[in-house]
file final.pdb (PDB, C-alpha atoms)
ATOM      1  CA  TYR A   1      72.352 156.620  44.381
ATOM      2  CA  GLN A   2      70.247 155.661  47.439
ATOM      3  CA  GLN A   3      66.997 156.493  45.601
ATOM      4  CA  ALA A   4      68.073 154.802  42.358
ATOM      5  CA  GLN A   5      65.525 152.518  40.710
ATOM      6  CA  SER A   6      68.249 150.317  39.275
ATOM      7  CA  ILE A   7      71.908 149.608  39.789
ATOM      8  CA  CYS A   8      74.719 150.285  37.366
ATOM      9  CA  LEU A   9      75.732 146.945  35.950
ATOM     10  CA  PRO A  10      79.379 146.430  35.060
ATOM     11  CA  GLY A  11      80.489 143.810  32.586
ATOM     12  CA  HIS A  12      81.529 140.307  33.589
ATOM     13  CA  GLY A  13      83.450 137.387  32.190
ATOM     14  CA  SER A  14      87.032 136.680  31.231
ATOM     15  CA  LEU A  15      89.424 139.588  31.811
ATOM     16  CA  THR A  16      91.647 138.146  29.082
ATOM     17  CA  PRO A  17      88.790 137.418  26.696
ATOM     18  CA  GLU A  18      88.924 135.580  23.429
ATOM     19  CA  TYR A  19      85.853 137.641  22.427
ATOM     20  CA  VAL A  20      83.990 140.668  23.797
ATOM     21  CA  VAL A  21      80.220 140.999  23.438
ATOM     22  CA  ILE A  22      78.690 144.452  23.919
ATOM     23  CA  LEU A  23      74.951 145.046  24.065
ATOM     24  CA  GLY A  24      73.088 148.337  24.313
ATOM     25  CA  HIS A  25      71.641 148.209  27.822
ATOM     26  CA  PRO A  26      70.756 145.651  30.486
ATOM     27  CA  SER A  27      67.177 144.493  30.982
ATOM     28  CA  GLN A  28      64.977 144.863  34.075
ATOM     29  CA  VAL A  29      65.586 141.173  34.804
ATOM     30  CA  ASP A  30      69.363 141.701  34.608
ATOM     31  CA  ASP A  31      69.024 144.464  37.210
ATOM     32  CA  ALA A  32      67.426 142.141  39.783
ATOM     33  CA  TRP A  33      69.290 138.915  38.887
ATOM     34  CA  CYS A  34      70.769 137.147  41.917
ATOM     35  CA  GLN A  35      74.338 136.159  41.106
ATOM     36  CA  THR A  36      74.427 133.630  43.959
ATOM     37  CA  CYS A  37      71.180 131.815  43.107
ATOM     38  CA  ASP A  38      71.436 132.364  39.322
ATOM     39  CA  ARG A  39      67.802 133.452  39.054
ATOM     40  CA  PRO A  40      65.706 136.576  39.661
ATOM     41  CA  GLY A  41      66.369 137.887  43.147
ATOM     42  CA  THR A  42      63.900 137.353  45.978
ATOM     43  CA  ASP A  43      63.464 138.790  49.482
ATOM     44  CA  ARG A  44      65.589 135.905  50.778
ATOM     45  CA  CYS A  45      68.417 136.945  48.429
ATOM     46  CA  ARG A  46      68.269 140.496  49.790
ATOM     47  CA  GLN A  47      68.168 139.260  53.404
ATOM     48  CA  ASN A  48      71.288 137.177  52.781
ATOM     49  CA  SER A  49      73.042 140.117  51.050
ATOM     50  CA  HIS A  50      73.460 138.286  47.766
ATOM     51  CA  GLN A  51      74.995 140.308  44.935
ATOM     52  CA  THR A  52      72.417 141.285  42.354
ATOM     53  CA  GLY A  53      72.724 142.471  38.798
ATOM     54  CA  SER A  54      74.352 140.730  35.873
ATOM     55  CA  VAL A  55      74.368 141.642  32.170
ATOM     56  CA  LEU A  56      72.787 139.000  29.874
ATOM     57  CA  SER A  57      71.599 136.861  32.771
ATOM     58  CA  ASN A  58      68.102 135.894  31.654
ATOM     59  CA  SER A  59      66.650 134.022  28.671
ATOM     60  CA  VAL A  60      68.273 136.507  26.278
ATOM     61  CA  GLY A  61      71.672 135.642  27.724
ATOM     62  CA  TYR A  62      70.957 131.933  27.442
ATOM     63  CA  ALA A  63      69.887 132.395  23.811
ATOM     64  CA  LEU A  64      73.134 134.253  23.088
ATOM     65  CA  LYS A  65      75.211 131.539  24.752
ATOM     66  CA  LYS A  66      73.462 128.966  22.558
ATOM     67  CA  VAL A  67      74.543 130.989  19.488
ATOM     68  CA  LEU A  68      78.111 131.123  20.802
ATOM     69  CA  VAL A  69      78.196 127.342  21.288
ATOM     70  CA  HIS A  70      76.834 126.792  17.748
ATOM     71  CA  ALA A  71      79.621 129.066  16.478
ATOM     72  CA  SER A  72      82.204 126.964  18.417
ATOM     73  CA  ILE A  73      82.944 129.745  20.918
ATOM     74  CA  ASP A  74      83.268 128.807  24.584
ATOM     75  CA  PRO A  75      80.979 131.246  26.479
ATOM     76  CA  THR A  76      83.411 131.272  29.428
ATOM     77  CA  THR A  77      86.100 132.901  27.240
ATOM     78  CA  VAL A  78      83.885 135.924  26.536
ATOM     79  CA  PHE A  79      83.606 139.259  28.338
ATOM     80  CA  TYR A  80      79.997 140.548  28.374
ATOM     81  CA  THR A  81      79.177 144.217  28.854
ATOM     82  CA  SER A  82      76.861 147.012  27.711
ATOM     83  CA  THR A  83      77.197 150.584  26.493
ATOM     84  CA  VAL A  84      74.627 151.884  28.999
ATOM     85  CA  ARG A  85      74.903 150.589  32.569
ATOM     86  CA  CYS A  86      71.362 151.104  33.883
ATOM     87  CA  THR A  87      68.120 149.389  32.964
ATOM     88  CA  GLY A  88      65.024 151.019  31.588
ATOM     89  CA  LYS A  89      63.609 151.861  28.214
ATOM     90  CA  PRO A  90      65.966 151.690  25.236
ATOM     91  CA  PRO A  91      68.443 154.541  25.625
ATOM     92  CA  GLY A  92      68.697 157.512  23.330
ATOM     93  CA  ILE A  93      71.964 158.816  21.964
ATOM     94  CA  VAL A  94      72.286 161.333  24.840
ATOM     95  CA  GLN A  95      72.194 158.556  27.477
ATOM     96  CA  ILE A  96      74.501 156.398  25.367
ATOM     97  CA  ARG A  97      77.071 159.182  25.074
ATOM     98  CA  ARG A  98      76.881 159.918  28.810
ATOM     99  CA  CYS A  99      77.742 156.298  29.595
ATOM    100  CA  ARG A 100      80.338 155.821  26.854
ATOM    101  CA  ALA A 101      83.234 156.783  29.160
ATOM    102  CA  TYR A 102      82.376 153.885  31.484
ATOM    103  CA  LEU A 103      82.520 151.453  28.578
ATOM    104  CA  LEU A 104      85.842 152.845  27.358
ATOM    105  CA  ASP A 105      87.310 152.644  30.891
ATOM    106  CA  GLU A 106      86.093 149.074  31.281
ATOM    107  CA  MET A 107      87.570 148.078  27.926
ATOM    108  CA  SER A 108      90.930 149.626  28.891
ATOM    109  CA  MET A 109      91.076 147.309  31.921
ATOM    110  CA  LEU A 110      90.813 144.185  29.768
ATOM    111  CA  ASP A 111      93.822 142.388  28.322
ATOM    112  CA  LEU A 112      92.803 142.280  24.652
ATOM    113  CA  SER A 113      96.085 140.816  23.409
ATOM    114  CA  GLN A 114      94.439 137.415  22.805
ATOM    115  CA  CYS A 115      91.038 138.809  21.796
ATOM    116  CA  ARG A 116      89.921 137.636  18.359
ATOM    117  CA  GLY A 117      86.951 139.983  17.988
ATOM    118  CA  ILE A 118      84.360 142.307  19.473
ATOM    119  CA  MET A 119      80.678 141.835  18.612
ATOM    120  CA  LEU A 120      78.123 144.623  19.023
ATOM    121  CA  LEU A 121      74.593 143.385  19.717
ATOM    122  CA  GLY A 122      71.876 145.670  18.415
ATOM    123  CA  ASP A 123      71.546 149.294  17.387
ATOM    124  CA  SER A 124      72.218 150.811  20.837
ATOM    125  CA  ALA A 125      75.550 148.987  21.025
ATOM    126  CA  VAL A 126      76.451 150.198  17.526
ATOM    127  CA  HIS A 127      75.542 153.779  18.525
ATOM    128  CA  GLY A 128      77.530 153.600  21.775
ATOM    129  CA  VAL A 129      80.718 152.041  20.477
ATOM    130  CA  LEU A 130      80.865 153.886  17.158
ATOM    131  CA  ASN A 131      79.528 157.137  18.703
ATOM    132  CA  GLN A 132      77.288 157.681  15.674
ATOM    133  CA  ALA A 133      73.517 157.948  16.065
ATOM    134  CA  TYR A 134      72.686 157.215  12.433
ATOM    135  CA  LEU A 135      74.426 153.824  12.130
ATOM    136  CA  THR A 136      72.404 150.662  12.705
ATOM    137  CA  VAL A 137      72.948 146.921  12.603
ATOM    138  CA  ARG A 138      71.191 146.900   9.239
ATOM    139  CA  ASN A 139      73.910 149.036   7.600
ATOM    140  CA  THR A 140      76.915 147.682   9.553
ATOM    141  CA  ARG A 141      76.214 143.959  10.004
ATOM    142  CA  LEU A 142      78.171 142.307   7.223
ATOM    143  CA  ARG A 143      81.450 144.177   7.544
ATOM    144  CA  VAL A 144      84.351 144.854   9.893
ATOM    145  CA  LEU A 145      83.957 148.318  11.429
ATOM    146  CA  GLU A 146      87.620 149.346  11.494
ATOM    147  CA  GLY A 147      87.383 153.002  10.550
ATOM    148  CA  ALA A 148      84.627 153.937  12.967
ATOM    149  CA  ALA A 149      85.437 151.752  15.998
ATOM    150  CA  PRO A 150      87.782 152.745  18.835
ATOM    151  CA  PRO A 151      91.307 151.415  18.254
ATOM    152  CA  TRP A 152      91.046 148.415  20.573
ATOM    153  CA  GLY A 153      92.904 146.134  18.201
ATOM    154  CA  PRO A 154      90.524 143.231  17.578
ATOM    155  CA  PRO A 155      88.047 143.514  14.697
ATOM    156  CA  VAL A 156      84.668 144.981  15.619
ATOM    157  CA  ARG A 157      81.489 143.626  14.002
ATOM    158  CA  ALA A 158      77.770 144.091  14.592
ATOM    159  CA  THR A 159      74.860 141.672  14.696
ATOM    160  CA  TYR A 160      71.306 141.508  15.994
ATOM    161  CA  HIS A 161      70.349 141.914  19.621
ATOM    162  CA  PRO A 162      69.736 138.430  21.056
ATOM    163  CA  VAL A 163      66.181 139.356  22.094
ATOM    164  CA  GLU A 164      65.336 138.863  18.412
ATOM    165  CA  LEU A 165      66.118 135.172  18.876
ATOM    166  CA  LEU A 166      63.112 134.944  21.165
ATOM    167  CA  LEU A 167      60.672 136.608  18.767
ATOM    168  CA  ARG A 168      58.462 134.137  16.934
ATOM    169  CA  HIS A 169      58.567 135.786  13.541
ATOM    170  CA  SER A 170      62.340 135.817  13.102
ATOM    171  CA  GLY A 171      63.937 133.444  15.631
ATOM    172  CA  ALA A 172      65.218 130.626  13.398
ATOM    173  CA  ILE A 173      66.539 132.872  10.630
ATOM    174  CA  THR A 174      68.106 135.299  13.097
ATOM    175  CA  GLN A 175      69.864 132.482  14.984
ATOM    176  CA  GLU A 176      71.427 131.151  11.781
ATOM    177  CA  GLU A 177      72.509 134.663  10.801
ATOM    178  CA  MET A 178      73.942 135.376  14.255
ATOM    179  CA  VAL A 179      75.861 132.096  14.263
ATOM    180  CA  ALA A 180      77.239 133.003  10.810
ATOM    181  CA  ASP A 181      78.241 136.458  12.135
ATOM    182  CA  PHE A 182      80.166 134.918  15.039
ATOM    183  CA  VAL A 183      81.780 132.378  12.706
ATOM    184  CA  ASP A 184      82.876 135.267  10.446
ATOM    185  CA  LEU A 185      84.297 137.080  13.486
ATOM    186  CA  GLN A 186      86.620 134.101  14.045
ATOM    187  CA  LYS A 187      88.201 134.379  10.610
ATOM    188  CA  PRO A 188      91.580 136.126  10.407
TER     189      PRO A 188
END

call {"tool": "encode", "arguments": {"input": "final.pdb", "output": "structure tokens"}}
result
Amino acid sequence: YQQAQSICLPGHGSLTPEYVVILGHPSQVDDAWCQTCDRPGTDRCRQNSHQTGSVLSNSVGYALKKVLVHASIDPTTVFYTSTVRCTGKPPGIVQIRRCRAYLLDEMSMLDLSQCRGIMLLGDSAVHGVLNQAYLTVRNTRLRVLEGAAPPWGPPVRATYHPVELLLRHSGAITQEEMVADFVDLQKP
């Protein structure tokens, strides 16, 4: 671990969440994010031993929180995590399966009795949670994934990765679709 290029990022948020959001893997910015200063870490952060690393901390996280607010979900009632704990290029199914045990352990530590739904963000999250390399957001987005998802209790759904909100060619349409997905997740 002393020669590691990145740190393993655990999830964060409410331990008795109303919703759980799972993405595929953290970004390079997430890896270096200073939790104390709420911005990318600097030498001063390291000198003062600030904690670094936080899933969905950068502009992608802010874009997701905007979607949550539009869907009438309080972002502070959500637990945010990822299927793969380390940053880098998008993970393959081998890396996803190696990290899956960490996700399952983390989920077992949450009190999901009040959880209304779990949303998977992007293909890597779908692969990691459903443990199926061939499934994508495209063929799972508009349905509840009961048969394939682990038996956590709350309904599991999939939607786009929030980075797509920042892409010029699809941002407005994707945001409306993501808001609609989170609104659907709230239905009984």

call {"tool": "residues_around", "arguments": {"input": "final.pdb", "residues": "Asp74 of chain A", "least_positions_apart": "2", "cutoff": "12 Å", "atoms": "all atoms listed in the file", "output": "MDAnalysis selection string"}}
result
chainID A and resid 13:14 17:20 64:72 76:79 182

call {"tool": "closest_atom_pairs", "arguments": {"input": "final.pdb", "of": "segment 44-110 of chain A", "to": "segment 119-127 of chain A", "cutoff": "9 Å", "atoms": "only C-alpha atoms", "output": "tab-separated table"}}
result
residue	atom	partner	partner_atom	distance
A:Ser82	CA	A:Ala125	CA	7.1
A:Thr83	CA	A:Ala125	CA	5.9
A:Val84	CA	A:Ala125	CA	8.5
A:Pro90	CA	A:Ser124	CA	7.7
A:Pro91	CA	A:Ser124	CA	7.1
A:Gly92	CA	A:Ser124	CA	8.0
A:Ile93	CA	A:His127	CA	7.1
A:Ile96	CA	A:His127	CA	7.4
A:Arg97	CA	A:His127	CA	8.6

call {"tool": "write_last_selection", "arguments": {"input": "final.pdb", "atoms": "C-alpha atoms", "output": "mmCIF file, in the frame of the given file"}}
result
data_model
loop_
_atom_site.group_PDB
_atom_site.id
_atom_site.type_symbol
_atom_site.label_atom_id
_atom_site.label_comp_id
_atom_site.auth_asym_id
_atom_site.auth_seq_id
_atom_site.Cartn_x
_atom_site.Cartn_y
_atom_site.Cartn_z
ATOM 1 C CA SER A 82 76.861 147.012 27.711
ATOM 2 C CA THR A 83 77.197 150.584 26.493
ATOM 3 C CA VAL A 84 74.627 151.884 28.999
ATOM 4 C CA PRO A 90 65.966 151.690 25.236
ATOM 5 C CA PRO A 91 68.443 154.541 25.625
ATOM 6 C CA GLY A 92 68.697 157.512 23.330
ATOM 7 C CA ILE A 93 71.964 158.816 21.964
ATOM 8 C CA ILE A 96 74.501 156.398 25.367
ATOM 9 C CA ARG A 97 77.071 159.182 25.074
#

call {"tool": "closest_residue", "arguments": {"input": "final.pdb", "among": "A:Val60, A:Cys99, A:Cys45, A:Leu23", "to": "Leu166 of chain A", "atoms": "all atoms listed in the file"}}
result
A:Val60

call {"tool": "closest_residue", "arguments": {"input": "final.pdb", "among": "A:Leu145, A:Ala63, A:Val137, A:Cys8", "to": "Gln175 of chain A", "atoms": "all atoms listed in the file"}}
result
A:Ala63

call {"tool": "residues_around", "arguments": {"input": "final.pdb", "residues": "Ser54 of chain A", "least_positions_apart": "3", "cutoff": "9 Å", "atoms": "all atoms listed in the file", "output": "PyMOL selection string"}}
result
chain A and resi 9-12+26+29-35+57-58

call {"tool": "atom_distance", "arguments": {"input": "final.pdb", "atom1": "atom CA of Leu135 of chain A", "atom2": "atom CA of Ile73 of chain A"}}
result
27.0 Å

call {"tool": "atom_distance", "arguments": {"input": "final.pdb", "atom1": "atom CA of Ser113 of chain A", "atom2": "atom CA of Pro151 of chain A"}}
result
12.7 Å

call {"tool": "atom_distance", "arguments": {"input": "final.pdb", "atom1": "atom CA of Ala158 of chain A", "atom2": "atom CA of Val183 of chain A"}}
result
12.5 Å

call {"tool": "resolve_selection", "arguments": {"input": "final.pdb", "expression": "the PyMOL selection byres ((chain A and resi 188) around 10)", "output": "PyMOL selection string"}}
result
chain A and resi 116-117+155+184-187

call {"tool": "closest_residue", "arguments": {"input": "final.pdb", "among": "A:Arg143, A:Pro40, A:Tyr62, A:His50", "to": "Leu165 of chain A", "atoms": "all atoms listed in the file"}}
result
A:Tyr62

call {"tool": "closest_residue", "arguments": {"input": "final.pdb", "among": "A:Met178, A:Asn139, A:Glu146, A:Gln95", "to": "Val163 of chain A", "atoms": "all atoms listed in the file"}}
result
A:Met178
